[in-house]
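*Asks:* Below is start-v8.cif; it holds mmCIF, C-alpha atoms.
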data_model
loop_
_atom_site.group_PDB
_atom_site.id
_atom_site.type_symbol
_atom_site.label_atom_id
_atom_site.label_comp_id
_atom_site.auth_asym_id
_atom_site.auth_seq_id
_atom_site.Cartn_x
_atom_site.Cartn_y
_atom_site.Cartn_z
ATOM 1 C CA MET A 1 93.018 108.729 100.294
ATOM 2 C CA SER A 2 90.371 106.813 102.266
ATOM 3 C CA ALA A 3 90.546 103.143 103.144
ATOM 4 C CA LEU A 4 88.303 100.765 101.239
ATOM 5 C CA PRO A 5 84.935 100.260 102.936
ATOM 6 C CA GLN A 6 84.733 97.118 105.041
ATOM 7 C CA SER A 7 81.038 96.393 104.663
ATOM 8 C CA ILE A 8 78.065 96.980 102.410
ATOM 9 C CA ASP A 9 76.727 99.595 104.811
ATOM 10 C CA GLU A 10 80.050 101.447 104.762
ATOM 11 C CA THR A 11 80.028 101.332 100.966
ATOM 12 C CA GLN A 12 76.529 102.789 100.806
ATOM 13 C CA ALA A 13 77.415 105.454 103.388
ATOM 14 C CA MET A 14 80.584 106.410 101.509
ATOM 15 C CA LEU A 15 78.657 106.878 98.273
ATOM 16 C CA THR A 16 75.876 108.790 100.013
ATOM 17 C CA GLY A 17 78.553 111.051 101.484
ATOM 18 C CA VAL A 18 79.482 112.187 97.975
ATOM 19 C CA ASP A 19 75.814 112.641 96.942
ATOM 20 C CA TYR A 20 75.449 109.326 95.127
ATOM 21 C CA VAL A 21 72.265 107.656 96.345
ATOM 22 C CA CYS A 22 72.449 104.001 95.373
ATOM 23 C CA SER A 23 70.275 100.984 95.962
ATOM 24 C CA ARG A 24 71.291 98.224 98.362
ATOM 25 C CA SER A 25 71.869 95.825 95.460
ATOM 26 C CA LEU A 26 74.262 98.235 93.759
ATOM 27 C CA ALA A 27 76.100 98.826 97.043
ATOM 28 C CA VAL A 28 76.537 95.044 97.403
ATOM 29 C CA VAL A 29 78.152 94.610 94.004
ATOM 30 C CA VAL A 30 80.353 97.697 94.455
ATOM 31 C CA PHE A 31 81.544 96.379 97.819
ATOM 32 C CA LEU A 32 82.322 92.968 96.327
ATOM 33 C CA SER A 33 84.147 94.570 93.408
ATOM 34 C CA LEU A 34 86.361 96.533 95.807
ATOM 35 C CA LYS A 35 86.924 93.629 98.173
ATOM 36 C CA LEU A 36 87.720 91.043 95.494
ATOM 37 C CA GLY A 37 89.558 93.403 93.149
ATOM 38 C CA ARG A 38 87.269 92.485 90.252
ATOM 39 C CA PRO A 39 86.196 94.867 87.469
ATOM 40 C CA LEU A 40 82.554 95.948 87.729
ATOM 41 C CA PHE A 41 80.451 95.859 84.566
ATOM 42 C CA LEU A 42 77.351 98.067 84.690
ATOM 43 C CA GLU A 43 74.596 97.961 82.094
ATOM 44 C CA GLY A 44 71.475 100.075 81.890
ATOM 45 C CA GLU A 45 69.705 102.827 80.025
ATOM 46 C CA ALA A 46 71.582 106.067 79.433
ATOM 47 C CA GLY A 47 71.279 108.542 82.296
ATOM 48 C CA VAL A 48 70.674 106.119 85.174
ATOM 49 C CA GLY A 49 73.970 106.870 86.937
ATOM 50 C CA LYS A 50 76.452 104.297 85.606
ATOM 51 C CA THR A 51 79.160 106.832 84.853
ATOM 52 C CA GLU A 52 78.445 108.725 88.048
ATOM 53 C CA ILE A 53 79.254 105.682 90.186
ATOM 54 C CA ALA A 54 82.860 105.808 88.991
ATOM 55 C CA LYS A 55 83.078 109.518 89.785
ATOM 56 C CA ALA A 56 81.506 108.914 93.192
ATOM 57 C CA LEU A 57 83.927 106.086 93.974
ATOM 58 C CA ALA A 58 86.900 108.237 93.048
ATOM 59 C CA ALA A 59 85.610 111.101 95.187
ATOM 60 C CA GLY A 60 84.656 108.854 98.111
ATOM 61 C CA LEU A 61 87.971 106.999 98.143
ATOM 62 C CA GLY A 62 90.086 110.049 97.364
ATOM 63 C CA ARG A 63 91.499 108.374 94.273
ATOM 64 C CA ARG A 64 92.263 109.727 90.843
ATOM 65 C CA LEU A 65 89.615 109.105 88.165
ATOM 66 C CA ILE A 66 90.957 108.063 84.746
ATOM 67 C CA ARG A 67 88.345 107.872 82.007
ATOM 68 C CA LEU A 68 88.496 106.020 78.717
ATOM 69 C CA GLN A 69 85.557 107.192 76.606
ATOM 70 C CA CYS A 70 84.839 104.479 74.047
ATOM 71 C CA TYR A 71 83.842 105.104 70.451
ATOM 72 C CA GLU A 72 83.581 103.186 67.199
ATOM 73 C CA GLY A 73 87.040 102.547 65.801
ATOM 74 C CA LEU A 74 88.855 102.856 69.132
ATOM 75 C CA ASP A 75 91.940 100.655 69.025
ATOM 76 C CA ALA A 76 94.463 99.450 71.550
ATOM 77 C CA GLY A 77 97.029 102.018 70.444
ATOM 78 C CA SER A 78 94.733 104.951 71.121
ATOM 79 C CA ALA A 79 93.679 103.500 74.469
ATOM 80 C CA VAL A 80 97.174 102.591 75.700
ATOM 81 C CA TYR A 81 99.897 104.835 74.312
ATOM 82 C CA GLU A 82 101.197 106.877 71.398
ATOM 83 C CA TRP A 83 104.627 108.139 70.474
ATOM 84 C CA ASN A 84 105.086 111.886 70.248
ATOM 85 C CA PHE A 85 106.158 111.917 66.599
ATOM 86 C CA ALA A 86 106.517 115.694 66.391
ATOM 87 C CA ALA A 87 108.927 115.760 69.324
ATOM 88 C CA GLN A 88 110.769 112.741 67.921
ATOM 89 C CA MET A 89 111.295 114.513 64.596
ATOM 90 C CA VAL A 90 112.687 117.577 66.332
ATOM 91 C CA ALA A 91 115.044 115.364 68.320
ATOM 92 C CA ILE A 92 116.172 113.566 65.161
ATOM 93 C CA ARG A 93 116.971 116.778 63.310
ATOM 94 C CA THR A 94 118.785 118.172 66.308
ATOM 95 C CA ALA A 95 120.900 115.128 66.998
ATOM 96 C CA GLU A 96 121.330 113.172 63.754
ATOM 97 C CA ALA A 97 124.606 114.844 62.868
ATOM 98 C CA SER A 98 126.357 114.031 66.096
ATOM 99 C CA VAL A 99 124.716 111.026 67.755
ATOM 100 C CA ASP A 100 125.159 107.358 67.022
ATOM 101 C CA LYS A 101 122.034 105.993 65.255
ATOM 102 C CA ARG A 102 121.571 103.130 67.716
ATOM 103 C CA GLU A 103 121.809 105.493 70.622
ATOM 104 C CA LEU A 104 119.398 107.864 68.900
ATOM 105 C CA ARG A 105 116.858 105.081 68.395
ATOM 106 C CA SER A 106 116.969 104.078 72.069
ATOM 107 C CA GLU A 107 116.436 107.682 73.068
ATOM 108 C CA LEU A 108 113.540 108.186 70.668
ATOM 109 C CA PHE A 109 111.602 105.269 72.125
ATOM 110 C CA SER A 110 112.062 106.266 75.722
ATOM 111 C CA ASP A 111 109.726 107.543 78.374
ATOM 112 C CA GLU A 112 110.466 111.105 77.274
ATOM 113 C CA PHE A 113 108.536 110.668 74.028
ATOM 114 C CA LEU A 114 105.809 108.360 75.327
ATOM 115 C CA ILE A 115 102.256 109.731 75.535
ATOM 116 C CA ARG A 116 100.303 107.646 78.038
ATOM 117 C CA ARG A 117 96.683 107.052 77.183
ATOM 118 C CA PRO A 118 94.111 106.022 79.836
ATOM 119 C CA LEU A 119 94.852 102.274 80.080
ATOM 120 C CA LEU A 120 98.596 102.770 80.474
ATOM 121 C CA GLU A 121 98.139 105.722 82.801
ATOM 122 C CA ALA A 122 95.870 103.621 85.041
ATOM 123 C CA MET A 123 98.659 101.064 85.451
ATOM 124 C CA GLN A 124 101.189 103.593 86.656
ATOM 125 C CA PRO A 125 101.798 104.138 90.386
ATOM 126 C CA GLN A 126 99.566 106.963 91.583
ATOM 127 C CA THR A 127 99.817 109.254 94.552
ATOM 128 C CA GLY A 128 97.016 108.256 96.884
ATOM 129 C CA GLY A 129 96.639 104.668 95.688
ATOM 130 C CA ALA A 130 95.323 102.851 92.649
ATOM 131 C CA PRO A 131 93.072 105.027 90.496
ATOM 132 C CA VAL A 132 89.485 104.418 89.447
ATOM 133 C CA LEU A 133 89.549 103.475 85.752
ATOM 134 C CA LEU A 134 86.259 104.204 83.988
ATOM 135 C CA ILE A 135 85.830 102.464 80.622
ATOM 136 C CA ASP A 136 82.694 104.269 79.540
ATOM 137 C CA GLU A 137 80.135 103.064 76.963
ATOM 138 C CA LEU A 138 82.027 99.939 75.989
ATOM 139 C CA ASP A 139 79.190 98.978 73.647
ATOM 140 C CA ARG A 140 80.332 101.745 71.276
ATOM 141 C CA THR A 141 83.617 99.963 70.514
ATOM 142 C CA ASP A 142 84.302 97.091 68.131
ATOM 143 C CA GLU A 143 84.800 93.449 69.102
ATOM 144 C CA PRO A 144 88.602 93.493 68.523
ATOM 145 C CA PHE A 145 88.964 96.096 71.248
ATOM 146 C CA GLU A 146 86.918 93.929 73.599
ATOM 147 C CA ALA A 147 89.328 91.064 72.883
ATOM 148 C CA PHE A 148 92.247 93.314 73.754
ATOM 149 C CA LEU A 149 90.634 94.194 77.069
ATOM 150 C CA LEU A 150 90.521 90.513 78.033
ATOM 151 C CA GLU A 151 94.266 90.505 78.706
ATOM 152 C CA ALA A 152 94.386 94.030 80.045
ATOM 153 C CA LEU A 153 91.691 93.337 82.647
ATOM 154 C CA SER A 154 92.809 89.803 83.503
ATOM 155 C CA ASP A 155 96.483 90.495 84.180
ATOM 156 C CA PHE A 156 96.376 94.294 84.434
ATOM 157 C CA GLN A 157 99.237 94.601 82.017
ATOM 158 C CA VAL A 158 99.835 96.000 78.535
ATOM 159 C CA THR A 159 102.686 95.519 76.108
ATOM 160 C CA ILE A 160 104.589 98.279 74.327
ATOM 161 C CA PRO A 161 106.756 96.657 71.643
ATOM 162 C CA GLU A 162 109.609 99.125 72.031
ATOM 163 C CA LEU A 163 109.635 99.045 75.844
ATOM 164 C CA GLY A 164 108.207 95.685 76.890
ATOM 165 C CA THR A 165 105.363 94.739 79.211
ATOM 166 C CA VAL A 166 104.028 97.188 81.764
ATOM 167 C CA ARG A 167 102.204 95.614 84.695
ATOM 168 C CA ALA A 168 100.254 97.557 87.312
ATOM 169 C CA ALA A 169 101.941 97.308 90.719
ATOM 170 C CA GLU A 170 98.460 97.869 92.200
ATOM 171 C CA PRO A 171 95.510 97.057 89.903
ATOM 172 C CA PRO A 172 93.166 99.966 89.274
ATOM 173 C CA ILE A 173 89.542 99.915 90.401
ATOM 174 C CA VAL A 174 87.793 99.258 87.090
ATOM 175 C CA ILE A 175 84.244 100.299 86.189
ATOM 176 C CA LEU A 176 82.916 99.414 82.726
ATOM 177 C CA THR A 177 79.598 100.762 81.474
ATOM 178 C CA SER A 178 77.337 99.866 78.580
ATOM 179 C CA ASN A 179 74.069 101.352 77.335
ATOM 180 C CA ARG A 180 73.408 97.989 75.692
ATOM 181 C CA THR A 181 73.228 99.286 72.140
ATOM 182 C CA ARG A 182 74.791 95.896 71.360
ATOM 183 C CA GLU A 183 75.691 92.823 73.379
ATOM 184 C CA VAL A 184 79.144 92.726 74.956
ATOM 185 C CA HIS A 185 80.888 89.363 74.598
ATOM 186 C CA ASP A 186 80.424 86.828 77.396
ATOM 187 C CA ALA A 187 84.185 86.322 77.731
ATOM 188 C CA LEU A 188 84.593 89.894 78.908
ATOM 189 C CA LYS A 189 81.551 89.746 81.179
ATOM 190 C CA ARG A 190 82.941 86.625 82.886
ATOM 191 C CA ARG A 191 85.944 88.624 84.034
ATOM 192 C CA CYS A 192 83.707 91.160 85.734
ATOM 193 C CA LEU A 193 81.031 91.392 88.355
ATOM 194 C CA TYR A 194 77.786 92.385 86.616
ATOM 195 C CA HIS A 195 74.934 94.658 87.636
ATOM 196 C CA TRP A 196 71.967 96.068 85.753
ATOM 197 C CA VAL A 197 71.330 99.668 86.797
ATOM 198 C CA ASP A 198 67.619 100.363 86.552
ATOM 199 C CA TYR A 199 65.623 103.546 86.933
ATOM 200 C CA PRO A 200 65.207 104.386 90.634
ATOM 201 C CA ASN A 201 61.872 104.104 92.393
ATOM 202 C CA PHE A 202 60.089 107.238 93.611
ATOM 203 C CA GLU A 203 61.724 107.339 97.061
ATOM 204 C CA ARG A 204 65.258 106.896 95.771
ATOM 205 C CA GLU A 205 64.822 109.417 92.973
ATOM 206 C CA MET A 206 63.520 111.902 95.536
ATOM 207 C CA ALA A 207 66.641 111.274 97.612
ATOM 208 C CA ILE A 208 68.789 111.837 94.516
ATOM 209 C CA ILE A 209 67.048 115.136 93.752
ATOM 210 C CA SER A 210 67.449 116.190 97.355
ATOM 211 C CA ALA A 211 71.192 115.490 97.159
ATOM 212 C CA ARG A 212 71.908 116.821 93.670
ATOM 213 C CA ALA A 213 69.397 119.679 93.421
ATOM 214 C CA PRO A 214 68.855 120.709 97.040
ATOM 215 C CA GLU A 215 67.665 124.172 96.035
ATOM 216 C CA ALA A 216 64.400 122.687 94.718
ATOM 217 C CA GLN A 217 61.498 122.857 97.163
ATOM 218 C CA GLU A 218 60.099 119.498 98.264
ATOM 219 C CA THR A 219 56.675 120.102 96.710
ATOM 220 C CA LEU A 220 58.219 120.869 93.347
ATOM 221 C CA SER A 221 60.641 117.939 93.625
ATOM 222 C CA ARG A 222 57.816 115.510 94.338
ATOM 223 C CA GLU A 223 55.866 116.718 91.305
ATOM 224 C CA VAL A 224 58.974 116.578 89.097
ATOM 225 C CA VAL A 225 59.853 113.033 90.147
ATOM 226 C CA ALA A 226 56.266 111.799 89.909
ATOM 227 C CA PHE A 227 55.837 113.338 86.450
ATOM 228 C CA VAL A 228 59.123 111.893 85.145
ATOM 229 C CA GLN A 229 58.226 108.472 86.509
ATOM 230 C CA LYS A 230 54.862 108.642 84.704
ATOM 231 C CA LEU A 231 56.691 109.772 81.585
ATOM 232 C CA ARG A 232 58.861 106.644 81.672
ATOM 233 C CA THR A 233 55.758 104.498 81.323
ATOM 234 C CA GLU A 234 54.991 106.102 77.956
ATOM 235 C CA ASP A 235 56.104 104.711 74.614
ATOM 236 C CA LEU A 236 58.952 107.126 73.927
ATOM 237 C CA PHE A 237 61.980 106.869 71.663
ATOM 238 C CA LYS A 238 64.212 107.920 74.595
ATOM 239 C CA LYS A 239 62.925 107.867 78.134
ATOM 240 C CA PRO A 240 64.365 110.461 80.535
ATOM 241 C CA GLY A 241 67.082 109.263 82.898
ATOM 242 C CA VAL A 242 67.957 110.464 86.361
ATOM 243 C CA ALA A 243 70.361 112.992 84.865
ATOM 244 C CA GLU A 244 67.432 114.573 83.009
ATOM 245 C CA THR A 245 65.349 114.681 86.192
ATOM 246 C CA ILE A 246 68.125 116.578 87.967
ATOM 247 C CA ASP A 247 68.569 118.954 85.020
ATOM 248 C CA TRP A 248 64.836 119.629 84.851
ATOM 249 C CA ALA A 249 64.601 120.386 88.573
ATOM 250 C CA LYS A 250 67.492 122.850 88.268
ATOM 251 C CA CYS A 251 65.894 124.491 85.232
ATOM 252 C CA LEU A 252 62.595 124.929 87.073
ATOM 253 C CA VAL A 253 64.357 126.441 90.068
ATOM 254 C CA ALA A 254 66.181 128.845 87.744
ATOM 255 C CA LEU A 255 62.775 129.927 86.418
ATOM 256 C CA ASP A 256 61.427 130.393 89.984
ATOM 257 C CA VAL A 257 58.789 127.732 89.381
ATOM 258 C CA ILE A 258 57.174 126.450 92.578
ATOM 259 C CA GLU A 259 54.806 123.894 91.030
ATOM 260 C CA LEU A 260 54.229 122.260 87.672
ATOM 261 C CA SER A 261 51.585 123.308 85.201
ATOM 262 C CA PRO A 262 50.914 122.212 81.599
ATOM 263 C CA GLN A 263 52.398 125.492 80.364
ATOM 264 C CA VAL A 264 55.546 125.147 82.473
ATOM 265 C CA ILE A 265 55.968 121.573 81.248
ATOM 266 C CA ALA A 266 55.513 122.639 77.629
ATOM 267 C CA ASP A 267 58.099 125.399 78.054
ATOM 268 C CA THR A 268 60.732 123.104 79.568
ATOM 269 C CA LEU A 269 60.166 119.683 77.974
ATOM 270 C CA GLY A 270 63.516 119.995 76.213
ATOM 271 C CA ALA A 271 65.231 119.479 79.553
ATOM 272 C CA ILE A 272 63.906 115.930 79.861
ATOM 273 C CA LEU A 273 63.067 114.844 76.296
ATOM 274 C CA LYS A 274 65.761 114.986 73.625
ATOM 275 C CA TYR A 275 63.817 114.030 70.501
ATOM 276 C CA GLN A 276 61.281 116.245 68.773
ATOM 277 C CA ASP A 277 58.945 113.321 68.113
ATOM 278 C CA ASP A 278 58.805 112.607 71.854
ATOM 279 C CA ILE A 279 58.204 116.275 72.661
ATOM 280 C CA GLN A 280 55.362 116.530 70.132
ATOM 281 C CA LYS A 281 53.827 113.377 71.553
ATOM 282 C CA ILE A 282 53.824 114.616 75.153
ATOM 283 C CA GLU A 283 53.175 118.358 74.963
ATOM 284 C CA GLY A 284 49.608 119.628 75.223
ATOM 285 C CA SER A 285 46.861 117.353 76.449
ATOM 286 C CA GLU A 286 49.192 114.437 77.156
ATOM 287 C CA ALA A 287 51.291 116.555 79.516
ATOM 288 C CA LYS A 288 48.117 117.665 81.290
ATOM 289 C CA ARG A 289 46.929 114.053 81.632
ATOM 290 C CA LEU A 290 50.283 112.834 82.962
ATOM 291 C CA LEU A 291 50.475 115.695 85.448
ATOM 292 C CA GLU A 292 46.992 114.930 86.764
ATOM 293 C CA GLU A 293 47.864 111.236 87.108
ATOM 294 C CA ALA A 294 51.152 112.056 88.830
ATOM 295 C CA ARG A 295 49.454 114.350 91.342
ATOM 296 C CA ALA A 296 46.760 111.772 92.000
ATOM 297 C CA GLU A 297 49.418 109.237 93.015
ATOM 298 C CA LEU A 298 51.315 111.596 95.272
ATOM 299 C CA ALA A 299 50.740 110.981 98.917
ATOM 300 C CA PRO A 300 50.009 114.061 101.070
ATOM 301 C CA VAL A 301 53.198 115.828 102.109
#
Have the structure of the file written as structure tokens, please.

*Replies:*
Amino acid sequence: MSALPQSIDETQAMLTGVDYVCSRSLAVVVFLSLKLGRPLFLEGEAGVGKTEIAKALAAGLGRRLIRLQCYEGLDAGSAVYEWNFAAQMVAIRTAEASVDKRELRSELFSDEFLIRRPLLEAMQPQTGGAPVLLIDELDRTDEPFEAFLLEALSDFQVTIPELGTVRAAEPPIVILTSNRTREVHDALKRRCLYHWVDYPNFEREMAIISARAPEAQETLSREVVAFVQKLRTEDLFKKPGVAETIDWAKCLVALDVIELSPQVIADTLGAILKYQDDIQKIEGSEAKRLLEEARAELAPV
């Protein structure tokens, strides 16, 4: 376990040390979140690195990462705990003939039959210090679950009717993400520090490629980043994120490509565009035009 960073520069250096290249503004809000013990709410397009920041924090701090992947219909029970009904039934059949019913009930609702889901697990003491709790894609859940999180994130406690209230001895480091498919309620945002994660500029995306796909030659990386950045200016259904840029660079390296060409782009567009309409719109003459524009803007190496 590493100590929490004591400055913005230390925060940025810690994240860089685990190959997460972040902007100064993101480092500021991460540092404040750690220093003040406040949840950090990150919004932005898919693939810009919101989830990765939680992984990087866990790796940089040497803490456990606990992830709650949100989805429509997620309720507090699924996020906090469940009882192992199958094991309870076996215990009932084994013991019902010889054990007092009140004693049996107390045994059935004990820690032995409790299945901890992410929120409860994050409030348990952990070897190495408080874990990093990632509540990913919160915008996929329903409003009642948001309301439940208000208490969980304010007091860092949850209630299990059969056992009582469980409070975290050391609050977890909480990262919430949203792709903004819908607005998250203001009441939840007020309990968090907020940051919008945007697409990186050319220099930072180059640094990301250098860290995450170091096998790519610089000339190829520059063309890849410049082309993707031009692509993001187009009217697409889904613009490529940083994750797609990294994937594309790795695909090109696997194909022994040393520079882009319209044919190479056409062959590998599926690595950066995930909708057929977008691919049809870009392949062919549009890819050639974007590549020429990207190369024209590249400064000499």

*Asks:* Just so the selection is clear, what residues does the PyMOL selection byres ((chain A and resi 211) around 9) cover here, as a list in words?

*Replies:* Thr16, Val18, Asp19, Tyr20, Val21, Met206, Ala207, Ile208, Ile209, Ser210, Arg212, Ala213 and Pro214 of chain A

*Asks:* So that I have them on file, write out the residues from the current selection with C-alpha atoms, as a PDB file, keeping the file's coordinate frame.

*Replies:*
ATOM      1  CA  THR A  16      75.876 108.790 100.013  1.00  0.00           C
ATOM      2  CA  VAL A  18      79.482 112.187  97.975  1.00  0.00           C
ATOM      3  CA  ASP A  19      75.814 112.641  96.942  1.00  0.00           C
ATOM      4  CA  TYR A  20      75.449 109.326  95.127  1.00  0.00           C
ATOM      5  CA  VAL A  21      72.265 107.656  96.345  1.00  0.00           C
ATOM      6  CA  MET A 206      63.520 111.902  95.536  1.00  0.00           C
ATOM      7  CA  ALA A 207      66.641 111.274  97.612  1.00  0.00           C
ATOM      8  CA  ILE A 208      68.789 111.837  94.516  1.00  0.00           C
ATOM      9  CA  ILE A 209      67.048 115.136  93.752  1.00  0.00           C
ATOM     10  CA  SER A 210      67.449 116.190  97.355  1.00  0.00           C
ATOM     11  CA  ARG A 212      71.908 116.821  93.670  1.00  0.00           C
ATOM     12  CA  ALA A 213      69.397 119.679  93.421  1.00  0.00           C
ATOM     13  CA  PRO A 214      68.855 120.709  97.040  1.00  0.00           C
TER      14      PRO A 214
END

*Asks:* Which residues, written as a PyMOL selection string, have at least one atom at most 12 Å from Glu223 (chain A), with all atoms listed in the file counted and residues fewer than 2 positions away on the same chain left out?

*Replies:* chain A and resi 202+205-206+209+216-221+225-231+245+248-249+252+257-261+265+290-301

*Asks:* I'd like the neighbourhood of Pro118 (chain A) as a ChimeraX atom specification, where a residue qualifies if any of its atoms comes within 9 Å (using all atoms listed in the file), though same-chain residues fewer than 4 positions away should be ignored.

*Replies:* /A:66-68,78-81,122-123,133

*Asks:* Got time to write the residues from that selection, C-alpha atoms, as a PDB file, in the coordinates of the input?

*Replies:*
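Just written: part_11.pdb:
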ATOM      1  CA  ILE A  66      90.957 108.063  84.746  1.00  0.00           C
ATOM      2  CA  ARG A  67      88.345 107.872  82.007  1.00  0.00           C
ATOM      3  CA  LEU A  68      88.496 106.020  78.717  1.00  0.00           C
ATOM      4  CA  SER A  78      94.733 104.951  71.121  1.00  0.00           C
ATOM      5  CA  ALA A  79      93.679 103.500  74.469  1.00  0.00           C
ATOM      6  CA  VAL A  80      97.174 102.591  75.700  1.00  0.00           C
ATOM      7  CA  TYR A  81      99.897 104.835  74.312  1.00  0.00           C
ATOM      8  CA  ALA A 122      95.870 103.621  85.041  1.00  0.00           C
ATOM      9  CA  MET A 123      98.659 101.064  85.451  1.00  0.00           C
ATOM     10  CA  LEU A 133      89.549 103.475  85.752  1.00  0.00           C
TER      11      LEU A 133
END

*Asks:* Apply the PyMOL selection byres ((chain A and resi 283) around 10) to the structure shown and report the selected residues as a short mmCIF file (atom, residue, chain, number, x, y, z; two decimals) with C-alpha atoms, in the frame of the given file.

*Replies:*
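Okay, this is what ended up in selection-v2.cif:
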data_model
loop_
_atom_site.label_atom_id
_atom_site.label_comp_id
_atom_site.auth_asym_id
_atom_site.auth_seq_id
_atom_site.Cartn_x
_atom_site.Cartn_y
_atom_site.Cartn_z
CA PRO A 262 50.91 122.21 81.60
CA GLN A 263 52.40 125.49 80.36
CA ILE A 265 55.97 121.57 81.25
CA ALA A 266 55.51 122.64 77.63
CA ASP A 267 58.10 125.40 78.05
CA LEU A 269 60.17 119.68 77.97
CA ASP A 278 58.80 112.61 71.85
CA ILE A 279 58.20 116.28 72.66
CA GLN A 280 55.36 116.53 70.13
CA LYS A 281 53.83 113.38 71.55
CA ILE A 282 53.82 114.62 75.15
CA GLY A 284 49.61 119.63 75.22
CA SER A 285 46.86 117.35 76.45
CA GLU A 286 49.19 114.44 77.16
CA ALA A 287 51.29 116.56 79.52
CA LYS A 288 48.12 117.66 81.29
#

*Asks:* To one decimal in Å, tell me the separation between CA of Leu138 (chain A) and CA of Cys70 (chain A).

*Replies:*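 Interatomic distance, CA of Leu138 (chain A) to CA of Cys70 (chain A): 5.7 Å.
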
*Asks:* Excluding region 184-186 of chain A and its own-chain neighbours fewer than 5 positions away, which residues fall within 10 Å of it when counting all atoms listed in the file? Please give them as a PyMOL selection string.

*Replies:* chain A and resi 43+138-143+146-147+178+191-192

*Asks:* Apply the PyMOL selection byres ((chain A and resi 15) around 10) to the displayed file and report the matching residues as a list of chain:residue names.

*Replies:*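 Applying the PyMOL selection byres ((chain A and resi 15) around 10) to the structure shown produces A:Asp9, A:Glu10, A:Thr11, A:Gln12, A:Ala13, A:Met14, A:Thr16, A:Gly17, A:Val18, A:Asp19, A:Tyr20, A:Val21, A:Cys22, A:Ala27, A:Ile53, A:Lys55, A:Ala56, A:Leu57, A:Ala58, A:Ala59, A:Gly60, A:Leu61.
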
*Asks:* To one decimal place, how far is CA of Arg222 (chain A) from CA of Thr177 (chain A) in Å?

*Replies:*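 Between these atoms lies a distance of 29.3 Å.
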
*Asks:* For a quick check of understanding, using only C-alpha atoms, which of A:Gly241, A:Gly77, A:Pro171, A:Pro39 has the smallest distance to Gln124 (chain A)?

*Replies:*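 Nearest candidate to Gln124 (chain A) out of A:Gly241, A:Gly77, A:Pro171, A:Pro39: A:Pro171.
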
*Asks:* Take CA of Glu107 (chain A) and CA of Ile92 (chain A) and report the distance between them in Å, one decimal.

*Replies:*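 CA of Ile92 (chain A) lies at a distance of 9.9 Å from CA of Glu107 (chain A).
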
*Asks:* A:Ala95, A:Leu273, A:Ala54, A:Leu163: which is nearest Leu134 (chain A), counting all atoms listed in the file?

*Replies:*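 Using all atoms listed in the file, the shortest distance to Leu134 (chain A) belongs to A:Ala54.
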
*Asks:* Nearest to Ile272 (chain A) among A:Arg289, A:Lys239, A:Arg190, A:Arg180, with distances taken over all atoms listed in the file: which residue is it?

*Replies:*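 The answer is A:Lys239, which sits nearest to Ile272 (chain A).
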
*Asks:* Find the residues near Ala130 (chain A): any atom within 8 Å, counting all atoms listed in the file, skip ones fewer than 2 places away on the same chain, and give them as a ChimeraX atom specification.

*Replies:* /A:63-64,122,125-126,128,132,170-173

*Asks:* Which residue, A:Val264, A:Ala187, A:Val158, A:Leu40, has the smallest gap to Val174 (chain A) when you use all atoms listed in the file?

*Replies:*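 Between A:Val264, A:Ala187, A:Val158, A:Leu40, the residue approaching Val174 (chain A) most closely is A:Leu40.
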
*Asks:* Could you check the closest approach to Arg232 (chain A) for each of A:Thr165, A:Leu36, A:Tyr199, A:Asn179 and tell me which residue wins, using all atoms listed in the file?

*Replies:*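 Closest candidate: A:Tyr199.
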
*Asks:* Using all atoms listed in the file, which of A:Val29, A:Leu120, A:Ile115, A:Val253 sits nearest His195 (chain A)?

*Replies:*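 Ranking A:Val29, A:Leu120, A:Ile115, A:Val253 by distance to His195 (chain A), first place goes to A:Val29.
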
*Asks:* Applying 10 Å and all atoms listed in the file, which residues near Phe113 (chain A) remain after dropping the ones on its own chain fewer than 3 positions away? List them as a VMD selection string.

*Replies:* chain A and resid 82 to 88 91 107 to 110 116
